[in-house]
Amino acid sequence: DMVDHPNRNHTNANANDNDNAMIHKPDPKPWPENAPIWSRWTYSYMFPILQKGSERYRLRQRQRDKTETDDDDHTLQLSDLFDVPACMRTHVILDQFRKVHDSARSSDKGDGEETDVGFVMVQSLFTVTGRDYVIPSAICEFVRICSLSIAPLLLRILLNTLESHRGEMLRWSEHWHDAYLPAIGHFFLMLIVAFMKHRHDDFAFKGGLVARAAAASAIYRRALLARRIDNTGAISNLIATDSQKLYEVAQQFHYIWSCPLAIFLVTMLLLYIMGPVTLIGVFTLVSFTPLIDWIARKMVAARRQRSKHGDERIDITSAMLQGMKVTKLN
């Protein structure tokens with residue numbers, strides 16, 4: 001046993017090298033927070049990563065055709081990707097949420113009024129996500145709605161000009177104001193609509209991620225600090241389902257005010273163009289509101305019943321697994 005074995009030492013050295021390689025993984029690239037505005041709006045900072053991934057995929061396909069084996073060296077690694085932005089890390093989001101939430105609860109207790117847990121929760125989430133995500137996405141949605149409402153007017157002017165000068169050559173010097181200018185304006189308005197839609201989706205996506213991370217982390221931390229948990233199913237649903245609903249709501253939150261605004265603007269324009277006959281269509285549209293409200297209430301009630309059954313199912317499954325564990329250990 002005291003004799004040295006070269007093969008054994010070589011094997012141990014290789015094992016240590018593999019362990020060190022697994023422990024000291026290459027760090028990903030820092031997020032380009034200070035990238036130019038054009039790069040952020042067009043995601044051009046992602047082009048090198050996409051190009052590298054495409055090149056490695058083609059190389060992997062050629063190697064597979066020759067050797068019929070896959071090589072992980074020809075795929076994107078962690079060091080090739082960007083790291084999560086510092087402002088979107090879970091511990092940063094949780095610290096911000098806890099500060100805002102504790103401050104809101106202490107202020108309500110200081111007033112001597114009963115604390116509304118739901119209102120404090122919504123207020124805290126809005127404070128965490130409002131300045132960086134909710135308000136910028138609202139501005140983008142407002143600009144998009146206004147641009148979509150103005151674009152048909154320019155298109156109408158252009159069509160009227162083409163109809164009145166059918167078969168004629170429209171010269172710039174004579175029709176720059178009623179032909180060329182509306183066409184150029186319509187093109188730039190559609191470009192603005194596309195960019196505003198893109199930026200709204202980007203801000204809403206990030207805001208939903210932050211809201212979901214804040215809620216899930218706060219619930220998980222509260223569960224860890226609790227001395228006893230009576231309903232594990234409810235906690236699982238809160239983390240898995242309700243937190244996900246916050247992310248989904250963030251994608252369509254601004255439709256609450258943008259849809260009525262779009263209806264109002266379109267109605268005013270139609271009244272200007274077509275006259276009072278437009279009110280018939282508006283009345284038909286509004287008449288469906290009670291039906292939609294009734295369907296939405298039925299869907300909410302069904303979801304609540306499904307959530308209760310889901311809590312019971314998770315409790316039963318957890319009890320079964322715990323019982324199997326106790327039986328196996330004993």
# chains A, B, ... in the order shown; residues from 1 in each chain; ligands from 1
$ residues_around --residues "A:Thr42" --least-positions-apart "5" --cutoff "10 Å" --atoms "only C-alpha atoms" --output "list in words"
Ile37, Phe47, Phe195, His198 and Arg199 of chain A
$ select_by_dssp --residues "stretch 30-267 of chain A" --states "helix (DSSP H, G or I)" --output "number ranges by chain"
A: 37-42, 44-67, 72-74, 78-80, 86-88, 90-110, 117-164, 172-225, 232-252, 255-267
$ closest_residue --among "A:Ala211, A:Leu225, A:Asp178, A:Asp95" --to "A:Met121" --atoms "only C-alpha atoms"
A:Ala211
$ closest_residue --among "A:Ala213, A:Val326, A:Thr284, A:Ala218" --to "A:Thr90" --atoms "only C-alpha atoms"
A:Ala213
$ atom_distance --atom1 "atom CA of A:Ala234" --atom2 "atom CA of A:Arg306"
11.9 Å
$ closest_residue --among "A:Ser124, A:Ser106, A:Thr327, A:Gln77" --to "A:Lys52" --atoms "only C-alpha atoms"
A:Gln77
$ closest_residue --among "A:Ser54, A:Gln252, A:Gln322, A:Thr127" --to "A:Gly208" --atoms "only C-alpha atoms"
A:Gln252
$ closest_residue --among "A:Tyr247, A:Phe288, A:Phe205, A:Phe188" --to "A:Leu154" --atoms "only C-alpha atoms"
A:Phe188
